[in-house]
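*Asks:* final-v7.cif is reproduced below (mmCIF, C-alpha atoms and all ligand atoms).
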```cif
data_query
loop_
_atom_site.label_atom_id
_atom_site.label_comp_id
_atom_site.auth_asym_id
_atom_site.auth_seq_id
_atom_site.Cartn_x
_atom_site.Cartn_y
_atom_site.Cartn_z
CA MET A 1 -42.09 30.83 -56.13
CA SER A 2 -45.64 32.09 -55.82
CA ASN A 3 -46.48 34.77 -53.26
CA SER A 4 -50.03 33.62 -52.98
CA THR A 5 -50.59 33.42 -49.28
CA ASN A 6 -52.74 35.45 -46.94
CA ALA A 7 -49.77 35.93 -44.67
CA GLY A 8 -48.02 39.29 -44.78
CA ALA A 9 -44.63 37.66 -44.65
CA ILE A 10 -42.97 34.44 -45.73
CA LEU A 11 -40.26 32.62 -43.82
CA THR A 12 -38.40 30.17 -46.03
CA ILE A 13 -36.24 27.54 -44.34
CA ASP A 14 -33.78 25.73 -46.57
CA LEU A 15 -33.39 22.23 -45.14
CA GLY A 16 -30.79 21.42 -47.79
CA ALA A 17 -28.64 24.25 -46.43
CA LEU A 18 -29.21 22.94 -42.90
CA LYS A 19 -27.96 19.48 -43.92
CA GLN A 20 -25.05 21.03 -45.78
CA ASN A 21 -24.09 22.96 -42.62
CA TYR A 22 -24.14 19.75 -40.59
CA LEU A 23 -21.79 18.16 -43.11
CA THR A 24 -19.54 21.26 -43.26
CA LEU A 25 -19.11 21.21 -39.48
CA ALA A 26 -18.63 17.43 -39.37
CA ASP A 27 -15.97 17.74 -42.08
CA HIS A 28 -14.17 20.34 -40.00
CA LEU A 29 -13.72 17.92 -37.09
CA SER A 30 -10.35 16.24 -36.94
CA THR A 31 -11.59 14.10 -34.08
CA GLY A 32 -14.86 13.26 -32.41
CA GLU A 33 -18.49 13.30 -33.36
CA LEU A 34 -20.97 16.04 -34.16
CA ALA A 35 -24.20 16.39 -32.19
CA ALA A 36 -26.94 18.86 -33.07
CA VAL A 37 -28.49 21.28 -30.59
CA VAL A 38 -32.18 21.68 -31.43
CA LYS A 39 -33.43 23.46 -28.31
CA ALA A 40 -36.00 26.27 -28.54
CA ASN A 41 -37.79 24.63 -31.48
CA ALA A 42 -34.49 24.29 -33.37
CA TYR A 43 -33.62 27.94 -32.74
CA GLY A 44 -37.05 28.95 -33.94
CA LEU A 45 -36.91 27.15 -37.28
CA GLY A 46 -39.10 24.13 -36.44
CA VAL A 47 -37.81 21.09 -34.60
CA GLN A 48 -39.88 18.56 -36.54
CA GLU A 49 -38.47 19.53 -39.94
CA SER A 50 -34.98 20.47 -38.69
CA ALA A 51 -34.34 17.36 -36.58
CA THR A 52 -35.61 15.12 -39.38
CA ALA A 53 -33.27 16.79 -41.89
CA LEU A 54 -30.29 16.63 -39.49
CA HIS A 55 -30.97 12.98 -38.81
CA ALA A 56 -31.06 12.34 -42.56
CA ALA A 57 -27.67 14.08 -42.78
CA GLY A 58 -26.28 11.49 -40.36
CA CYS A 59 -26.80 13.07 -36.95
CA THR A 60 -27.78 10.61 -34.22
CA ILE A 61 -27.03 12.66 -31.07
CA PHE A 62 -29.13 15.67 -30.08
CA PHE A 63 -29.28 18.18 -27.26
CA VAL A 64 -32.32 20.14 -26.09
CA ALA A 65 -32.81 22.38 -23.06
CA THR A 66 -35.96 21.07 -21.38
CA VAL A 67 -37.69 17.77 -20.66
CA ASP A 68 -40.69 18.83 -22.75
CA GLU A 69 -38.41 19.56 -25.70
CA GLY A 70 -36.90 16.12 -25.21
CA ILE A 71 -40.30 14.43 -25.18
CA ALA A 72 -41.27 16.25 -28.39
CA LEU A 73 -37.99 15.25 -30.04
CA ARG A 74 -38.35 11.63 -28.93
CA ALA A 75 -41.65 11.46 -30.85
CA ILE A 76 -39.82 12.68 -33.98
CA LEU A 77 -36.70 10.51 -33.61
CA PRO A 78 -37.48 7.28 -31.74
CA LYS A 79 -33.88 6.01 -31.77
CA ALA A 80 -31.73 9.12 -31.36
CA THR A 81 -29.60 9.84 -28.30
CA ILE A 82 -31.16 12.87 -26.61
CA TYR A 83 -29.50 14.89 -23.85
CA ILE A 84 -31.34 17.42 -21.69
CA PHE A 85 -29.21 20.46 -20.77
CA HIS A 86 -31.42 21.49 -17.85
CA GLY A 87 -30.96 18.09 -16.27
CA VAL A 88 -33.36 16.63 -13.78
CA LEU A 89 -35.72 18.70 -11.67
CA PRO A 90 -37.50 17.23 -8.66
CA ASP A 91 -40.19 14.87 -10.04
CA THR A 92 -38.99 14.75 -13.64
CA GLY A 93 -36.80 11.64 -13.26
CA GLU A 94 -39.51 9.14 -14.18
CA GLU A 95 -40.50 11.08 -17.25
CA LEU A 96 -36.90 11.33 -18.43
CA ILE A 97 -36.57 7.57 -18.19
CA ALA A 98 -39.96 6.87 -19.78
CA HIS A 99 -38.76 8.70 -22.90
CA SER A 100 -35.14 7.49 -22.78
CA LEU A 101 -33.85 11.02 -22.27
CA ILE A 102 -30.41 11.57 -20.76
CA PRO A 103 -30.20 14.42 -18.26
CA ILE A 104 -27.07 16.50 -17.89
CA LEU A 105 -26.75 16.72 -14.09
CA ASN A 106 -25.75 20.26 -13.25
CA SER A 107 -25.48 20.37 -9.46
CA LEU A 108 -25.08 18.20 -6.37
CA ASP A 109 -28.86 18.49 -5.89
CA GLN A 110 -29.46 17.08 -9.36
CA ILE A 111 -26.99 14.27 -8.73
CA ASN A 112 -28.93 13.41 -5.58
CA ASP A 113 -32.28 13.63 -7.40
CA TRP A 114 -30.96 11.18 -9.98
CA HIS A 115 -29.78 8.69 -7.36
CA PRO A 116 -32.81 6.35 -7.67
CA HIS A 117 -32.16 6.17 -11.42
CA ARG A 118 -28.36 6.04 -11.26
CA ALA A 119 -28.14 2.87 -13.35
CA GLN A 120 -29.53 4.88 -16.27
CA PRO A 121 -27.12 7.01 -18.32
CA ALA A 122 -26.60 10.62 -17.28
CA GLY A 123 -24.20 13.41 -18.15
CA ILE A 124 -22.40 15.73 -15.75
CA HIS A 125 -21.83 19.42 -16.40
CA LEU A 126 -18.54 20.73 -15.07
CA ASP A 127 -18.35 24.49 -14.64
CA THR A 128 -15.06 25.82 -15.95
CA GLY A 129 -15.90 29.50 -16.06
CA MET A 130 -19.50 30.31 -16.98
CA SER A 131 -20.82 30.29 -13.40
CA ARG A 132 -24.23 29.34 -14.71
CA LEU A 133 -24.76 25.58 -14.58
CA GLY A 134 -22.42 22.80 -13.56
CA LEU A 135 -20.33 21.52 -10.68
CA SER A 136 -17.53 23.73 -9.37
CA PRO A 137 -14.08 22.11 -9.24
CA GLN A 138 -14.52 21.72 -5.49
CA GLU A 139 -17.89 19.99 -5.93
CA CYS A 140 -16.31 17.59 -8.43
CA GLU A 141 -13.92 16.39 -5.77
CA GLN A 142 -16.79 16.14 -3.28
CA CYS A 143 -18.96 13.86 -5.37
CA VAL A 144 -16.39 11.39 -6.68
CA ALA A 145 -17.36 8.73 -4.12
CA LEU A 146 -21.08 9.32 -4.64
CA LEU A 147 -20.77 8.89 -8.40
CA THR A 148 -19.00 5.52 -8.37
CA ASP A 149 -22.17 3.54 -9.05
CA TYR A 150 -23.68 6.09 -11.44
CA ASN A 151 -23.73 5.43 -15.17
CA ILE A 152 -21.90 8.55 -16.34
CA ASP A 153 -22.09 8.69 -20.08
CA LEU A 154 -20.79 12.22 -20.73
CA VAL A 155 -18.91 15.01 -18.99
CA MET A 156 -19.32 18.40 -20.57
CA SER A 157 -18.47 22.05 -20.07
CA HIS A 158 -19.30 25.25 -21.93
CA LEU A 159 -16.99 28.00 -23.18
CA ALA A 160 -17.68 31.65 -22.37
CA CYS A 161 -15.67 33.32 -25.16
CA ALA A 162 -15.34 30.76 -27.94
CA GLU A 163 -16.27 33.18 -30.74
CA THR A 164 -13.09 35.16 -29.95
CA GLU A 165 -10.32 32.90 -31.15
CA ASN A 166 -7.49 34.41 -29.13
CA HIS A 167 -9.40 34.98 -25.93
CA PRO A 168 -7.20 33.76 -23.06
CA LYS A 169 -10.24 32.33 -21.26
CA ASN A 170 -10.63 29.57 -23.87
CA GLU A 171 -7.40 27.86 -22.91
CA VAL A 172 -7.99 28.38 -19.20
CA GLN A 173 -11.37 26.62 -19.50
CA LEU A 174 -9.99 23.81 -21.68
CA ASP A 175 -7.14 23.12 -19.23
CA LEU A 176 -9.52 23.06 -16.28
CA PHE A 177 -11.92 20.78 -18.15
CA ASN A 178 -9.13 18.36 -19.04
CA ALA A 179 -8.10 18.25 -15.38
CA LEU A 180 -11.66 17.77 -14.07
CA LYS A 181 -12.51 15.00 -16.49
CA GLN A 182 -9.72 12.99 -14.88
CA VAL A 183 -11.60 13.33 -11.60
CA ILE A 184 -14.96 12.26 -13.05
CA PRO A 185 -14.43 9.62 -15.69
CA ALA A 186 -17.10 9.25 -18.38
CA LYS A 187 -17.50 7.52 -21.71
CA HIS A 188 -17.54 10.82 -23.63
CA ALA A 189 -16.35 14.38 -23.10
CA SER A 190 -17.61 17.56 -24.74
CA ILE A 191 -16.63 21.22 -24.54
CA ALA A 192 -17.17 22.77 -27.99
CA ALA A 193 -20.36 24.37 -29.29
CA SER A 194 -20.46 25.96 -32.78
CA SER A 195 -17.60 28.42 -32.25
CA GLY A 196 -15.53 26.00 -30.18
CA ILE A 197 -15.34 23.68 -33.19
CA TYR A 198 -13.20 26.36 -34.89
CA LEU A 199 -10.75 26.64 -31.97
CA GLY A 200 -8.92 23.54 -33.15
CA ALA A 201 -8.64 19.83 -32.48
CA ASP A 202 -7.92 20.24 -28.74
CA TYR A 203 -11.44 21.61 -28.33
CA GLN A 204 -13.15 19.01 -30.49
CA ILE A 205 -12.71 16.26 -27.94
CA ASP A 206 -15.19 13.52 -28.43
CA LEU A 207 -18.49 15.24 -29.00
CA CYS A 208 -19.18 18.70 -30.39
CA ARG A 209 -22.53 20.37 -29.73
CA ALA A 210 -23.35 22.52 -32.72
CA GLY A 211 -26.34 24.82 -32.56
CA VAL A 212 -26.37 28.23 -34.16
CA ALA A 213 -23.90 27.46 -36.99
CA LEU A 214 -26.23 24.74 -38.27
CA TYR A 215 -28.85 27.44 -38.76
CA GLY A 216 -26.49 29.67 -40.75
CA VAL A 217 -25.03 32.05 -38.16
CA ASN A 218 -21.29 32.66 -38.49
CA PRO A 219 -19.39 30.75 -35.74
CA ILE A 220 -16.19 32.71 -36.49
CA PRO A 221 -17.28 36.36 -36.62
CA ALA A 222 -13.77 37.61 -37.45
CA GLU A 223 -13.75 35.58 -40.68
CA THR A 224 -15.96 34.92 -43.69
CA ASN A 225 -18.98 32.82 -42.74
CA PRO A 226 -18.36 29.18 -43.71
CA MET A 227 -22.04 28.30 -43.22
CA ALA A 228 -24.79 28.29 -45.82
CA GLN A 229 -27.77 30.55 -45.25
CA VAL A 230 -30.79 28.60 -44.03
CA VAL A 231 -33.30 31.39 -43.46
CA ARG A 232 -34.96 33.88 -45.75
CA LEU A 233 -37.57 36.31 -44.44
CA GLN A 234 -39.67 38.27 -46.91
CA ALA A 235 -42.49 40.70 -46.21
CA LYS A 236 -45.09 42.06 -48.57
CA ILE A 237 -45.45 45.68 -49.55
CA LEU A 238 -48.88 46.87 -48.39
CA GLN A 239 -48.70 50.33 -49.96
CA THR A 240 -46.32 53.05 -51.07
CA ARG A 241 -46.65 56.80 -50.59
CA SER A 242 -44.78 59.98 -51.36
CA VAL A 243 -43.64 62.26 -48.54
CA ASP A 244 -41.65 65.48 -48.47
CA THR A 245 -40.31 67.76 -45.79
CA PRO A 246 -41.64 68.58 -43.20
CA GLN A 247 -43.54 65.28 -43.06
CA THR A 248 -42.37 62.67 -40.59
CA VAL A 249 -42.65 58.87 -40.64
CA GLY A 250 -43.97 56.66 -37.85
CA TYR A 251 -44.36 56.77 -34.06
CA GLY A 252 -42.37 59.42 -32.29
CA ALA A 253 -41.78 61.23 -35.61
CA THR A 254 -38.20 59.92 -35.49
CA HIS A 255 -37.66 60.24 -39.24
CA GLN A 256 -38.25 63.46 -41.13
CA ALA A 257 -38.23 63.64 -44.91
CA THR A 258 -35.66 66.16 -46.16
CA LYS A 259 -36.55 65.82 -49.85
CA PRO A 260 -39.24 64.15 -51.98
CA THR A 261 -39.15 60.56 -50.80
CA LYS A 262 -41.10 57.40 -51.53
CA ILE A 263 -41.98 55.19 -48.56
CA ALA A 264 -43.13 51.56 -48.74
CA THR A 265 -45.02 50.11 -45.79
CA LEU A 266 -44.33 46.41 -45.16
CA ALA A 267 -46.58 43.83 -43.50
CA ILE A 268 -44.14 42.92 -40.72
CA GLY A 269 -43.28 44.35 -37.33
CA TYR A 270 -41.80 43.58 -33.97
CA ALA A 271 -44.62 41.14 -33.18
CA ASP A 272 -43.08 39.02 -35.94
CA GLY A 273 -39.60 39.25 -34.47
CA TYR A 274 -38.51 42.07 -36.76
CA MET A 275 -37.05 43.87 -33.80
CA ARG A 276 -37.94 47.41 -32.81
CA SER A 277 -34.23 48.12 -32.40
CA LEU A 278 -34.06 48.01 -36.23
CA SER A 279 -35.92 51.35 -36.25
CA ASN A 280 -33.93 53.79 -38.40
CA SER A 281 -31.05 51.27 -38.54
CA GLY A 282 -32.12 48.13 -40.41
CA THR A 283 -31.76 47.65 -44.13
CA ALA A 284 -33.84 45.46 -46.41
CA PHE A 285 -33.46 44.50 -50.06
CA ILE A 286 -35.83 44.70 -52.99
CA GLY A 287 -34.00 42.67 -55.59
CA ASP A 288 -30.51 44.18 -55.48
CA PHE A 289 -31.72 47.56 -54.21
CA GLU A 290 -30.85 48.20 -50.58
CA VAL A 291 -33.63 50.09 -48.79
CA PRO A 292 -33.18 51.57 -45.31
CA VAL A 293 -35.76 51.22 -42.58
CA VAL A 294 -36.98 54.73 -41.81
CA GLY A 295 -38.95 55.64 -38.71
CA ARG A 296 -39.83 53.21 -35.95
CA VAL A 297 -40.66 49.57 -36.50
CA SER A 298 -44.16 49.15 -35.09
CA MET A 299 -46.02 46.00 -34.06
CA ASP A 300 -47.30 44.96 -37.47
CA LEU A 301 -45.70 47.44 -39.87
CA THR A 302 -42.28 48.60 -40.99
CA THR A 303 -41.52 51.53 -43.32
CA VAL A 304 -38.62 51.60 -45.77
CA ASP A 305 -37.32 54.33 -48.08
CA VAL A 306 -37.80 53.09 -51.66
CA THR A 307 -37.12 56.36 -53.47
CA ASP A 308 -34.43 54.78 -55.69
CA VAL A 309 -36.29 51.55 -56.50
CA PRO A 310 -37.99 51.12 -59.92
CA VAL A 311 -41.78 51.32 -59.56
CA ALA A 312 -42.20 47.92 -61.22
CA LEU A 313 -40.76 46.35 -58.05
CA LEU A 314 -43.07 48.24 -55.72
CA LYS A 315 -46.48 46.75 -56.43
CA PRO A 316 -48.69 45.85 -53.46
CA GLY A 317 -47.85 42.28 -52.53
CA SER A 318 -44.27 42.49 -53.90
CA LEU A 319 -41.79 40.79 -51.60
CA VAL A 320 -39.02 42.60 -49.75
CA ASP A 321 -36.11 40.67 -48.21
CA LEU A 322 -35.70 41.40 -44.51
CA ILE A 323 -33.31 38.47 -44.20
CA GLY A 324 -31.99 37.22 -47.51
CA PRO A 325 -29.02 36.62 -49.77
CA ASN A 326 -27.82 40.24 -49.39
CA ASN A 327 -28.69 40.67 -45.73
CA PRO A 328 -27.78 37.60 -43.70
CA ILE A 329 -28.85 37.08 -40.08
CA ASP A 330 -25.51 38.31 -38.74
CA LYS A 331 -25.93 41.65 -40.52
CA ILE A 332 -29.48 42.11 -39.23
CA ALA A 333 -28.29 41.16 -35.74
CA ASP A 334 -25.58 43.85 -35.92
CA GLN A 335 -28.10 46.43 -37.09
CA ALA A 336 -30.40 45.45 -34.22
CA SER A 337 -27.51 45.53 -31.69
CA THR A 338 -28.03 41.89 -30.85
CA ILE A 339 -26.81 38.44 -31.90
CA GLY A 340 -28.04 36.01 -34.54
CA TYR A 341 -29.33 33.69 -31.81
CA GLU A 342 -31.87 36.27 -30.69
CA ILE A 343 -32.98 37.09 -34.23
CA LEU A 344 -33.60 33.39 -34.98
CA THR A 345 -35.33 32.47 -31.74
CA GLY A 346 -37.45 35.62 -31.90
CA LEU A 347 -38.94 34.84 -35.32
CA GLY A 348 -42.68 35.05 -34.97
CA SER A 349 -45.61 32.81 -35.72
CA ARG A 350 -47.62 34.88 -38.20
CA PHE A 351 -45.46 34.04 -41.20
CA GLU A 352 -46.24 31.48 -43.76
CA ARG A 353 -43.41 29.00 -43.21
CA ARG A 354 -42.07 27.29 -46.28
CA TYR A 355 -39.59 24.45 -46.06
CA LEU A 356 -37.34 23.83 -49.05
CA SER A 357 -36.64 20.15 -49.56
CA ALA A 358 -33.74 18.58 -47.76
CA GLU A 359 -31.94 17.21 -50.79
CA VAL A 360 -28.26 18.21 -50.69
C1 LIG A 401 -27.14 26.25 -26.66
C2 LIG A 401 -25.96 25.46 -26.22
C3 LIG A 401 -25.08 24.93 -27.17
C4 LIG A 401 -25.14 25.28 -28.63
O1 LIG A 401 -24.43 26.51 -28.77
P1 LIG A 401 -24.23 27.20 -30.19
O2 LIG A 401 -23.37 28.37 -29.87
O3 LIG A 401 -25.59 27.60 -30.64
O4 LIG A 401 -23.59 26.22 -31.08
C5 LIG A 401 -24.08 24.08 -26.72
N1 LIG A 401 -23.94 23.81 -25.41
C6 LIG A 401 -24.75 24.34 -24.47
C7 LIG A 401 -24.53 24.02 -23.03
C8 LIG A 401 -25.78 25.19 -24.83
O5 LIG A 401 -26.58 25.73 -23.90
#
```
Taking this structure as input, can you express it in the form of structure tokens?
*Replies:*
Amino acid sequence: MSNSTNAGAILTIDLGALKQNYLTLADHLSTGELAAVVKANAYGLGVQESATALHAAGCTIFFVATVDEGIALRAILPKATIYIFHGVLPDTGEELIAHSLIPILNSLDQINDWHPHRAQPAGIHLDTGMSRLGLSPQECEQCVALLTDYNIDLVMSHLACAETENHPKNEVQLDLFNALKQVIPAKHASIAASSGIYLGADYQIDLCRAGVALYGVNPIPAETNPMAQVVRLQAKILQTRSVDTPQTVGYGATHQATKPTKIATLAIGYADGYMRSLSNSGTAFIGDFEVPVVGRVSMDLTTVDVTDVPVALLKPGSLVDLIGPNNPIDKIADQASTIGYEILTGLGSRFERRYLSAEV
């Protein structure tokens, strides 16, 4: 593919891989249906392109966080079922209904705010151990009478430790959820997100809400990643230079050359979401050559040690993989001491974004 773009870096999003991941997860379900979570602009990858590809893969149920995200998604997918995790805030009820968006009611206040619209479908979030959103078990009992004339379409809960298969909290939350959904009957029930899908059929009840795995992050960190890689991030070499001891590289002089070394300076930095915590810890690839980040990542520039790379690969404008076949998101996240979610949602806006066609 041609590098001819003014942008210093290219973000390639493989919509075929995205569709394949939807199908991989759907295949893994022994029961229930697979919904896609496309909040935060589809985890930074572009909701227009991502939701269209997921819909083409067969997805008809979507979750977003905010009303505005729901309105944007409604314009893309006029017929999809769209749930809003944040629920209803005072004064947003009319807008939810105008766009056929289904709020997940998270508190007694939200249930009250929805009262004028109670004939319209809504979900209820039951808190089973996150202590973030959702009704406590006691509140569930309290609102049973109130909810009798509501149109409750979905009850859901969220797992705190799903990526750790043997974590005792998983079963505690599932048992509590199964008990609470007897108290508040609904058409559908949902507890699993990406990792929960891999906890077995008991967790797959009814509707699974896959987010990060669709975008290529490993939902089962202890095992080989079953997902296809969706994202590739490449930055251009701006220049190379030779340094030797006692020269240092970058702000704070945190890297000192100990021998004759060749440094390449790349047109990407923390303003692009290439996180500063990758300073002196990240690795990139030039072809099959692994090159360590040396010195601090700065706002627009990153320096890598290319001493062992053939000069033919080091021309100005040559592309270096920051995220690529040899360095998946999970690896970069580890090197940055964070999680794939933060790498994806932090991807910046200065890249040229290229979407590979959605054909599977
Ligand atoms: C973001 C979110 C999801 C999706 O989680 P992943 O781990 O990305 O699959 C599911 N449910 C809720 C409540 C969420 O906030």
*Asks:* Find the residues near ligand LIG 401 (chain A). Use a cut-off of 10 Å, count only C-alpha atoms and all ligand atoms, and write them as a PyMOL selection string.
*Replies:* chain A and resi 35-40+42-43+63-65+84-86+104+125+132-134+156-160+162-163+190-197+208-215+217-219+340-341
*Asks:* For the atom pair CA of Asp68 (chain A) and CA of Gln110 (chain A), what is the interatomic distance in Å to one decimal place?
*Replies:* 17.6 Å
*Asks:* Identify the residues around (-27.3, 4.6, -13.2) within a radius of 7 Å, measuring from only C-alpha atoms in the coordinates stated by the file, and give them as a ChimeraX atom specification.
*Replies:* /A:117-121,149-151
*Asks:* Can I get the selection written as an mmCIF file, in the coordinates of the input, with C-alpha atoms?
*Replies:*
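Result file follows (result_3.cif):
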```
data_model
loop_
_atom_site.group_PDB
_atom_site.id
_atom_site.type_symbol
_atom_site.label_atom_id
_atom_site.label_comp_id
_atom_site.auth_asym_id
_atom_site.auth_seq_id
_atom_site.Cartn_x
_atom_site.Cartn_y
_atom_site.Cartn_z
ATOM 1 C CA HIS A 117 -32.160 6.170 -11.420
ATOM 2 C CA ARG A 118 -28.360 6.040 -11.260
ATOM 3 C CA ALA A 119 -28.140 2.870 -13.350
ATOM 4 C CA GLN A 120 -29.530 4.880 -16.270
ATOM 5 C CA PRO A 121 -27.120 7.010 -18.320
ATOM 6 C CA ASP A 149 -22.170 3.540 -9.050
ATOM 7 C CA TYR A 150 -23.680 6.090 -11.440
ATOM 8 C CA ASN A 151 -23.730 5.430 -15.170
#
```
*Asks:* List as an MDAnalysis selection string the protein and nucleic acid residues near Leu347 (chain A), meaning an atom at most 12 Å away when only C-alpha atoms are counted, but skip any in the same chain fewer than 2 places from it.
*Replies:* chainID A and resid 9:13 40:46 231:233 268:275 322:323 329 340:345 349:353
*Asks:* Between A:His255, A:Arg276, A:Lys236, A:Lys181, single out the one closest to Lys315 (chain A), counting all atoms listed in the file.
*Replies:*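 Closest candidate: A:Lys236.
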*Asks:* For Ala189 (chain A), find every residue with an atom within 6 Å (counting all atoms listed in the file), except residues of its own chain fewer than 5 positions away, and show them as a list in words.
*Replies:*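 Those residues are Leu154, Val155, Met156 and Asp206 of chain A.
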*Asks:* How about saving the chosen residues, C-alpha atoms kept, as a PDB file, in the coordinates of the input?
*Replies:*
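again28.pdb, freshly written:
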```pdb
ATOM      1  CA  LEU A 154     -20.790  12.220 -20.730  1.00  0.00           C
ATOM      2  CA  VAL A 155     -18.910  15.010 -18.990  1.00  0.00           C
ATOM      3  CA  MET A 156     -19.320  18.400 -20.570  1.00  0.00           C
ATOM      4  CA  ASP A 206     -15.190  13.520 -28.430  1.00  0.00           C
TER       5      ASP A 206
END
```
*Asks:* Work out how far CA of Ile152 (chain A) is from CA of Pro185 (chain A), in Å to one decimal.
*Replies:*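 According to the coordinates, CA of Pro185 (chain A) and CA of Ile152 (chain A) are separated by 7.6 Å.
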*Asks:* In Å, how far is it from CA of Asn112 (chain A) to CA of Glu95 (chain A)?
*Replies:*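 Computing it gives 16.6 Å between the two atoms.
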*Asks:* Let me make sure I understand: among A:Val309, A:His55, A:Leu319, A:Leu199, which one has the smallest atom-to-atom distance to Lys19 (chain A) if we use all atoms listed in the file?
*Replies:*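 Answer, going by the shortest atom-to-atom distance: A:His55.
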*Asks:* Please work out which residues fall within 12 Å of (-21.6, 21.5, -45.9), coordinates as given in the file, with only C-alpha atoms counting, and return them as a PDB file with C-alpha atoms, in the frame of the given file.
*Replies:*
```
ATOM      1  CA  LEU A  15     -33.390  22.230 -45.140  1.00  0.00           C
ATOM      2  CA  GLY A  16     -30.790  21.420 -47.790  1.00  0.00           C
ATOM      3  CA  ALA A  17     -28.640  24.250 -46.430  1.00  0.00           C
ATOM      4  CA  LEU A  18     -29.210  22.940 -42.900  1.00  0.00           C
ATOM      5  CA  LYS A  19     -27.960  19.480 -43.920  1.00  0.00           C
ATOM      6  CA  GLN A  20     -25.050  21.030 -45.780  1.00  0.00           C
ATOM      7  CA  ASN A  21     -24.090  22.960 -42.620  1.00  0.00           C
ATOM      8  CA  TYR A  22     -24.140  19.750 -40.590  1.00  0.00           C
ATOM      9  CA  LEU A  23     -21.790  18.160 -43.110  1.00  0.00           C
ATOM     10  CA  THR A  24     -19.540  21.260 -43.260  1.00  0.00           C
ATOM     11  CA  LEU A  25     -19.110  21.210 -39.480  1.00  0.00           C
ATOM     12  CA  ALA A  26     -18.630  17.430 -39.370  1.00  0.00           C
ATOM     13  CA  ASP A  27     -15.970  17.740 -42.080  1.00  0.00           C
ATOM     14  CA  HIS A  28     -14.170  20.340 -40.000  1.00  0.00           C
ATOM     15  CA  LEU A  54     -30.290  16.630 -39.490  1.00  0.00           C
ATOM     16  CA  ALA A  57     -27.670  14.080 -42.780  1.00  0.00           C
ATOM     17  CA  ALA A 213     -23.900  27.460 -36.990  1.00  0.00           C
ATOM     18  CA  LEU A 214     -26.230  24.740 -38.270  1.00  0.00           C
ATOM     19  CA  TYR A 215     -28.850  27.440 -38.760  1.00  0.00           C
ATOM     20  CA  GLY A 216     -26.490  29.670 -40.750  1.00  0.00           C
ATOM     21  CA  PRO A 226     -18.360  29.180 -43.710  1.00  0.00           C
ATOM     22  CA  MET A 227     -22.040  28.300 -43.220  1.00  0.00           C
ATOM     23  CA  ALA A 228     -24.790  28.290 -45.820  1.00  0.00           C
ATOM     24  CA  GLN A 229     -27.770  30.550 -45.250  1.00  0.00           C
ATOM     25  CA  VAL A 230     -30.790  28.600 -44.030  1.00  0.00           C
ATOM     26  CA  VAL A 360     -28.260  18.210 -50.690  1.00  0.00           C
TER      27      VAL A 360
END
```
*Asks:* So, with all atoms listed in the file as the atoms that count, which of A:Asn170, A:Ser100, A:Ser50, A:Thr307 lies closest to Asp14 (chain A)?
*Replies:* A:Ser50
*Asks:* So that I can check the surroundings of Leu313 (chain A), please list as a list of chain:residue names every protein, DNA and RNA residue that reaches within 10 Å of it, counting all atoms listed in the file and ignoring chain neighbours fewer than 6 positions away.
*Replies:*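 In the requested form, the answer reads A:Ile237, A:Ile286, A:Gly287, A:Phe289, A:Val306, A:Leu319, A:Val320.
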*Asks:* Taking only C-alpha atoms into account, name the residue in A:Leu301, A:Val144, A:Ile97, A:Ile76 that is nearest to Leu238 (chain A).
*Replies:*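 Residue with the minimum atom-to-atom distance to Leu238 (chain A): A:Leu301.
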*Asks:* Applying 8 Å and only C-alpha atoms, which residues near Ile71 (chain A) remain after dropping the ones on its own chain fewer than 3 positions away? List them as a PyMOL selection string.
*Replies:* chain A and resi 67-68+74-75+99+101
*Asks:* Let me make sure I understand: among A:Glu49, A:Asp175, A:Asp153, A:Glu94, which one has the smallest atom-to-atom distance to Thr128 (chain A) if we use all atoms listed in the file?
*Replies:*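 Distance minimum relative to Thr128 (chain A) lands on A:Asp175.
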*Asks:* Restore N, CA and C atoms in region 84-91 of chain A and list the result as a PDB file, in the coordinates of the input.
*Replies:*
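Output (out_37.pdb):
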```pdb
ATOM      1  N   ILE A  84     -30.541  16.296 -22.186  1.00  0.00           N
ATOM      2  CA  ILE A  84     -31.340  17.420 -21.690  1.00  0.00           C
ATOM      3  C   ILE A  84     -30.418  18.350 -20.886  1.00  0.00           C
ATOM      4  N   PHE A  85     -30.125  19.524 -21.428  1.00  0.00           N
ATOM      5  CA  PHE A  85     -29.210  20.460 -20.770  1.00  0.00           C
ATOM      6  C   PHE A  85     -29.666  20.844 -19.356  1.00  0.00           C
ATOM      7  N   HIS A  86     -30.969  21.035 -19.173  1.00  0.00           N
ATOM      8  CA  HIS A  86     -31.420  21.490 -17.850  1.00  0.00           C
ATOM      9  C   HIS A  86     -31.361  20.401 -16.783  1.00  0.00           C
ATOM     10  N   GLY A  87     -31.127  19.175 -17.226  1.00  0.00           N
ATOM     11  CA  GLY A  87     -30.960  18.090 -16.270  1.00  0.00           C
ATOM     12  C   GLY A  87     -32.266  17.614 -15.674  1.00  0.00           C
ATOM     13  N   VAL A  88     -32.166  17.162 -14.433  1.00  0.00           N
ATOM     14  CA  VAL A  88     -33.360  16.630 -13.780  1.00  0.00           C
ATOM     15  C   VAL A  88     -33.828  17.621 -12.725  1.00  0.00           C
ATOM     16  N   LEU A  89     -35.124  17.895 -12.727  1.00  0.00           N
ATOM     17  CA  LEU A  89     -35.720  18.700 -11.670  1.00  0.00           C
ATOM     18  C   LEU A  89     -36.474  17.738 -10.768  1.00  0.00           C
ATOM     19  N   PRO A  90     -36.750  18.146  -9.525  1.00  0.00           N
ATOM     20  CA  PRO A  90     -37.500  17.230  -8.660  1.00  0.00           C
ATOM     21  C   PRO A  90     -38.754  16.758  -9.402  1.00  0.00           C
ATOM     22  N   ASP A  91     -39.000  15.474  -9.414  1.00  0.00           N
ATOM     23  CA  ASP A  91     -40.190  14.870 -10.040  1.00  0.00           C
ATOM     24  C   ASP A  91     -40.115  14.658 -11.548  1.00  0.00           C
TER      25      ASP A  91
END
```
